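Engineer: Take this structure first; my questions come after.
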Amino acid sequence: MSETLTRIYDRMAAEGALTPDAGQRAVVPKLESLRAWLAENPAPRARGGLLGTLLRRAPEPPRGLYLWGGVGRGKSMLMDLFFAAVPIEAKRRVHFHAFMQEIHSGMHAARQRGVDDALAPVAEEAARDLRLLCFDEMQISDITDAMVVGRLFQMLIKAGVVIVTTSNRPPDDLYKDGLNREAFLPFIDLLKQRLDVVELESETDYREHRLKGAQVWFTPADSAARDTLDRIWDDLTGGDPGRELRLQVKGRDVVLPAFHNGVARADFWALCGQPLGAADYLAIAETVRVLILESIPRLSAANYDVAKRFVTLIDTLYEARVRLIASAADRPSQLYMEGTGSFEFERTASRLVEMQSAEWHE
């Protein structure tokens, strides 16, 4: 018999592998009940034939879970523990943005084949051989997602897939003030009907706690700085190597080379050396809570366009309160010393200094 999630959490707390938290501990039994049910009902529903008919008589899946709460409270950590503890093969964990991109790409391919209802075969494929689907950081900011996600979830649930998701917002705040939001409201009702909505009521932002008072600007951007950023990445992600995340913005892809649980890592040129704009940086800021940006160079009129993108990126991160950790060629005030744009950059340099303080993030 596999170890219960309750025992796993308590054992890790006793060993010092995690900090015991009453808010987190209150959620564990709810996840454990799902884990136990999945352990007893590991196989996805079969399709077609006598076997499929017999298996369709199996118990209906339990309600899923919508776990929401403030940034850094441990939602993704609990998801990690839960997902690892579910002793079945028919499971998948994926970031919500990445999953929706897969859905849209599949729908595009279906339309190219002349399929009338492009979502139907894509949803069927997504649910195939799947019993548990875990989404991290559900957030709806794009109208194309808003118009698809309701039917998609209906199809997944009907196929017998148990859905567990985390979010920084309660369901009623999803797609808030979005275009044609009234058409999105039935999806919110569906979430409340088919998933237990649970708030993680922890007072501690553990991600910020790990960074509080820590150095977050490293110069020069040499091998020592990179080694330090490696250690910070490992600390914030639990040693996960991260995965590439593609955000679709106005029909194009914005790529974050490494992403895990709200923490992203990218080279300066990957974000500022490409023809990206305010909408692209806004999509990043809506998805990422901590950005590790490597190898910021000295800037000048010679790379004015690159410098302008960097300014836009920093302004967007600043307004969204995204924590920035960076390696750079010099101190912020020394990055852009002369030439066109240097005077305007003084404001950016001031923001970069302000963003290094724990008081700014709080």
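Please note that chains go A, B, ... in the order of the structure tokens, that every chain numbers its residues from 1, and that ligands are numbered from 1 in the order shown.
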Excluding A:Glu344 and any residue of its chain fewer than 3 positions from it, enumerate the residues within 12 Å of it, using only C-alpha atoms, and give them as a tab-separated table (two decimals) with N, CA and C atoms, in the first residue's frame.

Structural biologist:
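Ended up saving to around_6.tsv:
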chain	number	residue	atom	x	y	z
A	300	SER	N	23.86	51.25	-24.93
A	300	SER	CA	24.26	52.53	-25.51
A	300	SER	C	23.39	52.82	-26.72
A	304	TYR	N	20.33	50.78	-29.25
A	304	TYR	CA	19.21	51.56	-28.71
A	304	TYR	C	17.91	50.76	-28.69
A	307	ALA	N	17.97	48.39	-25.88
A	307	ALA	CA	17.81	49.12	-24.62
A	307	ALA	C	16.35	49.51	-24.39
A	308	LYS	N	15.66	49.92	-25.46
A	308	LYS	CA	14.24	50.29	-25.33
A	308	LYS	C	13.41	49.09	-24.89
A	311	VAL	N	13.98	48.52	-21.22
A	311	VAL	CA	13.22	49.50	-20.43
A	311	VAL	C	11.75	49.07	-20.33
A	312	THR	N	11.17	48.66	-21.44
A	312	THR	CA	9.77	48.21	-21.44
A	312	THR	C	9.59	46.99	-20.57
A	333	SER	N	23.08	51.89	-12.41
A	333	SER	CA	23.39	53.28	-12.79
A	333	SER	C	24.52	53.38	-13.81
A	336	TYR	N	23.98	52.32	-18.70
A	336	TYR	CA	23.71	53.15	-19.89
A	336	TYR	C	24.20	54.55	-19.56
A	337	MET	N	25.45	54.85	-19.89
A	337	MET	CA	26.09	56.06	-19.40
A	337	MET	C	25.99	57.26	-20.33
A	338	GLU	N	25.93	57.02	-21.63
A	338	GLU	CA	25.96	58.16	-22.55
A	338	GLU	C	25.26	57.81	-23.86
A	339	GLY	N	24.93	58.84	-24.60
A	339	GLY	CA	24.28	58.65	-25.89
A	339	GLY	C	22.76	58.76	-25.79
A	340	THR	N	22.10	58.68	-26.94
A	340	THR	CA	20.65	58.79	-27.01
A	340	THR	C	19.98	57.77	-26.09
A	341	GLY	N	19.10	58.26	-25.25
A	341	GLY	CA	18.37	57.39	-24.36
A	341	GLY	C	18.97	57.25	-22.97
A	347	ARG	N	15.65	56.66	-15.06
A	347	ARG	CA	14.44	56.19	-14.37
A	347	ARG	C	14.44	54.67	-14.26
A	348	THR	N	14.87	53.99	-15.31
A	348	THR	CA	14.93	52.52	-15.28
A	348	THR	C	15.96	52.06	-14.26
A	349	ALA	N	17.12	52.74	-14.23
A	349	ALA	CA	18.16	52.38	-13.26
A	349	ALA	C	17.65	52.54	-11.85
A	350	SER	N	16.89	53.62	-11.62
A	350	SER	CA	16.33	53.85	-10.29
A	350	SER	C	15.36	52.73	-9.92
A	351	ARG	N	14.55	52.29	-10.87
A	351	ARG	CA	13.61	51.20	-10.61
A	351	ARG	C	14.35	49.89	-10.34

Engineer: As a PDB file with N, CA and C atoms, in the first residue's frame, please: every residue in stretch 175-283 of chain A that a backbone DSSP assignment puts in strand (DSSP E).

Structural biologist:
ATOM      1  N   LEU A 195     -15.583  20.989  -9.247  1.00  0.00           N
ATOM      2  CA  LEU A 195     -14.343  21.005  -8.474  1.00  0.00           C
ATOM      3  C   LEU A 195     -14.598  21.632  -7.108  1.00  0.00           C
ATOM      4  N   ASP A 196     -13.983  21.078  -6.088  1.00  0.00           N
ATOM      5  CA  ASP A 196     -14.027  21.714  -4.773  1.00  0.00           C
ATOM      6  C   ASP A 196     -13.089  22.918  -4.788  1.00  0.00           C
ATOM      7  N   VAL A 197     -13.630  24.074  -4.466  1.00  0.00           N
ATOM      8  CA  VAL A 197     -12.833  25.299  -4.454  1.00  0.00           C
ATOM      9  C   VAL A 197     -12.309  25.511  -3.040  1.00  0.00           C
ATOM     10  N   VAL A 198     -10.981  25.478  -2.891  1.00  0.00           N
ATOM     11  CA  VAL A 198     -10.346  25.550  -1.570  1.00  0.00           C
ATOM     12  C   VAL A 198      -9.290  26.650  -1.578  1.00  0.00           C
ATOM     13  N   GLU A 199      -9.349  27.529  -0.605  1.00  0.00           N
ATOM     14  CA  GLU A 199      -8.332  28.569  -0.461  1.00  0.00           C
ATOM     15  C   GLU A 199      -7.224  28.078   0.461  1.00  0.00           C
ATOM     16  N   TRP A 217      21.121  41.103  -7.330  1.00  0.00           N
ATOM     17  CA  TRP A 217      21.794  41.721  -8.482  1.00  0.00           C
ATOM     18  C   TRP A 217      23.277  41.353  -8.395  1.00  0.00           C
ATOM     19  N   PHE A 218      23.784  40.688  -9.417  1.00  0.00           N
ATOM     20  CA  PHE A 218      25.146  40.166  -9.379  1.00  0.00           C
ATOM     21  C   PHE A 218      25.961  40.725 -10.539  1.00  0.00           C
ATOM     22  N   ARG A 243      11.200  23.611 -17.545  1.00  0.00           N
ATOM     23  CA  ARG A 243      10.830  23.267 -18.915  1.00  0.00           C
ATOM     24  C   ARG A 243      10.622  24.536 -19.724  1.00  0.00           C
ATOM     25  N   GLU A 244      10.794  24.429 -21.014  1.00  0.00           N
ATOM     26  CA  GLU A 244      10.521  25.564 -21.884  1.00  0.00           C
ATOM     27  C   GLU A 244       9.031  25.880 -21.850  1.00  0.00           C
ATOM     28  N   LEU A 245       8.703  27.148 -21.753  1.00  0.00           N
ATOM     29  CA  LEU A 245       7.307  27.575 -21.770  1.00  0.00           C
ATOM     30  C   LEU A 245       7.109  28.562 -22.911  1.00  0.00           C
ATOM     31  N   ARG A 246       6.124  28.269 -23.752  1.00  0.00           N
ATOM     32  CA  ARG A 246       5.794  29.150 -24.876  1.00  0.00           C
ATOM     33  C   ARG A 246       4.470  29.844 -24.601  1.00  0.00           C
ATOM     34  N   LEU A 247       4.484  31.155 -24.607  1.00  0.00           N
ATOM     35  CA  LEU A 247       3.279  31.946 -24.427  1.00  0.00           C
ATOM     36  C   LEU A 247       2.868  32.488 -25.794  1.00  0.00           C
ATOM     37  N   GLN A 248       1.620  32.275 -26.143  1.00  0.00           N
ATOM     38  CA  GLN A 248       1.153  32.737 -27.440  1.00  0.00           C
ATOM     39  C   GLN A 248       0.564  34.130 -27.282  1.00  0.00           C
ATOM     40  N   VAL A 249       1.139  35.086 -28.005  1.00  0.00           N
ATOM     41  CA  VAL A 249       0.704  36.479 -27.931  1.00  0.00           C
ATOM     42  C   VAL A 249       0.456  36.981 -29.351  1.00  0.00           C
ATOM     43  N   ARG A 252       1.895  34.828 -32.136  1.00  0.00           N
ATOM     44  CA  ARG A 252       3.319  34.462 -32.151  1.00  0.00           C
ATOM     45  C   ARG A 252       3.701  33.909 -30.786  1.00  0.00           C
ATOM     46  N   ASP A 253       4.824  33.220 -30.768  1.00  0.00           N
ATOM     47  CA  ASP A 253       5.289  32.586 -29.539  1.00  0.00           C
ATOM     48  C   ASP A 253       6.321  33.453 -28.825  1.00  0.00           C
ATOM     49  N   VAL A 254       6.142  33.608 -27.519  1.00  0.00           N
ATOM     50  CA  VAL A 254       7.151  34.212 -26.655  1.00  0.00           C
ATOM     51  C   VAL A 254       7.706  33.076 -25.804  1.00  0.00           C
ATOM     52  N   VAL A 255       9.011  32.843 -25.884  1.00  0.00           N
ATOM     53  CA  VAL A 255       9.607  31.652 -25.297  1.00  0.00           C
ATOM     54  C   VAL A 255      10.382  31.997 -24.024  1.00  0.00           C
ATOM     55  N   LEU A 256      10.031  31.299 -22.948  1.00  0.00           N
ATOM     56  CA  LEU A 256      10.833  31.329 -21.725  1.00  0.00           C
ATOM     57  C   LEU A 256      11.600  30.012 -21.682  1.00  0.00           C
ATOM     58  N   PRO A 257      12.911  30.044 -21.795  1.00  0.00           N
ATOM     59  CA  PRO A 257      13.695  28.799 -21.919  1.00  0.00           C
ATOM     60  C   PRO A 257      13.544  27.834 -20.751  1.00  0.00           C
ATOM     61  N   ALA A 258      13.396  28.357 -19.532  1.00  0.00           N
ATOM     62  CA  ALA A 258      13.246  27.494 -18.357  1.00  0.00           C
ATOM     63  C   ALA A 258      12.173  28.083 -17.458  1.00  0.00           C
ATOM     64  N   PHE A 259      11.228  27.222 -17.043  1.00  0.00           N
ATOM     65  CA  PHE A 259      10.117  27.693 -16.210  1.00  0.00           C
ATOM     66  C   PHE A 259       9.688  26.577 -15.275  1.00  0.00           C
ATOM     67  N   HIS A 260       9.419  26.936 -14.017  1.00  0.00           N
ATOM     68  CA  HIS A 260       8.884  25.965 -13.061  1.00  0.00           C
ATOM     69  C   HIS A 260       8.210  26.709 -11.930  1.00  0.00           C
ATOM     70  N   VAL A 263       8.521  30.445 -11.545  1.00  0.00           N
ATOM     71  CA  VAL A 263       9.894  30.970 -11.632  1.00  0.00           C
ATOM     72  C   VAL A 263      10.416  30.724 -13.043  1.00  0.00           C
ATOM     73  N   ALA A 264      10.907  31.763 -13.686  1.00  0.00           N
ATOM     74  CA  ALA A 264      11.434  31.646 -15.048  1.00  0.00           C
ATOM     75  C   ALA A 264      12.887  32.087 -15.082  1.00  0.00           C
ATOM     76  N   ARG A 265      13.611  31.540 -16.059  1.00  0.00           N
ATOM     77  CA  ARG A 265      15.017  31.906 -16.231  1.00  0.00           C
ATOM     78  C   ARG A 265      15.297  32.100 -17.716  1.00  0.00           C
ATOM     79  N   ALA A 266      15.951  33.208 -18.048  1.00  0.00           N
ATOM     80  CA  ALA A 266      16.224  33.497 -19.455  1.00  0.00           C
ATOM     81  C   ALA A 266      17.457  34.371 -19.573  1.00  0.00           C
ATOM     82  N   ASP A 267      18.122  34.260 -20.702  1.00  0.00           N
ATOM     83  CA  ASP A 267      19.234  35.143 -21.039  1.00  0.00           C
ATOM     84  C   ASP A 267      18.673  36.493 -21.513  1.00  0.00           C
TER      85      ASP A 267
END

Engineer: Mind checking which residues fall within 9 Å of A:Leu200, counting only C-alpha atoms, ignoring those fewer than 2 positions away in the same chain, and posting them as a ChimeraX atom specification?

Structural biologist: /A:23-24,26-27,67-70,73-75,198,202

Engineer: Those selected residues, please, written with C-alpha atoms and delivered as a PDB file, in the first residue's frame.

Structural biologist:
ATOM      1  CA  GLY A  23      -2.747  26.426   6.028  1.00  0.00           C
ATOM      2  CA  GLN A  24      -0.976  23.851   3.890  1.00  0.00           C
ATOM      3  CA  ALA A  26      -5.391  21.810   6.255  1.00  0.00           C
ATOM      4  CA  VAL A  27      -5.413  21.159   2.499  1.00  0.00           C
ATOM      5  CA  LEU A  67      -6.678  25.278  -4.986  1.00  0.00           C
ATOM      6  CA  TRP A  68      -6.141  29.022  -4.883  1.00  0.00           C
ATOM      7  CA  GLY A  69      -4.246  31.465  -2.714  1.00  0.00           C
ATOM      8  CA  GLY A  70      -1.601  34.163  -2.687  1.00  0.00           C
ATOM      9  CA  ARG A  73       2.006  30.106  -0.265  1.00  0.00           C
ATOM     10  CA  GLY A  74       2.956  26.572  -1.286  1.00  0.00           C
ATOM     11  CA  LYS A  75       0.245  25.625  -3.787  1.00  0.00           C
ATOM     12  CA  VAL A 198     -10.346  25.550  -1.570  1.00  0.00           C
ATOM     13  CA  SER A 202      -1.284  30.697   4.666  1.00  0.00           C
TER      14      SER A 202
END

Engineer: Could you state the separation of atom CA of A:Trp37 and atom CA of A:Pro61 in Å, given to one decimal place?

Structural biologist: 8.3 Å

Engineer: Measuring atom to atom with only C-alpha atoms, identify which of A:Ala285, A:Ala109, A:Ala225, A:Leu276 is nearest to A:Ala326.

Structural biologist: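 With only C-alpha atoms as the atom set, the closest residue is A:Ala225.
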
Engineer: In terms of the shortest atom-to-atom distance over only C-alpha atoms, which of A:Val94, A:Ala43, A:Ala85, A:Met79 is closest to A:Ile8?

Structural biologist: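 Nearest candidate to A:Ile8 out of A:Val94, A:Ala43, A:Ala85, A:Met79: A:Ala85.
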
Engineer: Do a neighbour search on A:Val306 at 9 Å with only C-alpha atoms, toss out local chain neighbours closer than 2 positions, and write the hits as an MDAnalysis selection string.

Structural biologist: chainID A and resid 269 272:275 299 303:304 308:311

Engineer: State, in Å with one decimal place, the distance from atom CA of A:Lys30 to atom CA of A:Gly262.

Structural biologist: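 Interatomic distance, atom CA of A:Lys30 to atom CA of A:Gly262: 23.4 Å.
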
Engineer: Mind checking DSSP for stretch 23-245 of chain A and telling me the helix (DSSP H, G or I) residues as a count of residues only?

Structural biologist: 115

Engineer: Counting only C-alpha atoms, figure out which residue out of A:Ile140, A:Phe99, A:Ala146, A:Glu201 gets nearest to A:Ala126.

Structural biologist: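 Using only C-alpha atoms, A:Ala126 sits closest to A:Phe99.
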
Engineer: In Å, with one decimal, what is the gap from atom CA of A:Ala36 to atom CA of A:Val164?

Structural biologist: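 Atom CA of A:Val164 lies 14.2 Å from atom CA of A:Ala36.
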
Engineer: Please determine, counting only C-alpha atoms, which residue among A:Ala22, A:Ala123, A:Leu65, A:Leu313 has the shortest atom-to-atom distance to A:Ser167.

Structural biologist: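 For A:Ser167, the nearest of the candidates is A:Leu65.
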
Engineer: Which of these, A:Val148, A:Ile292, A:Cys134, A:Leu5, has the shortest distance to A:Ser76 once you count only C-alpha atoms?

Structural biologist: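 So, comparing all the options, the nearest one is A:Cys134.
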
Engineer: Name the closest residue to A:Trp233 among the candidates A:Leu18, A:Ala328, A:Met138, A:Val216; distances are taken between atoms, counting only C-alpha atoms.

Structural biologist: A:Val216
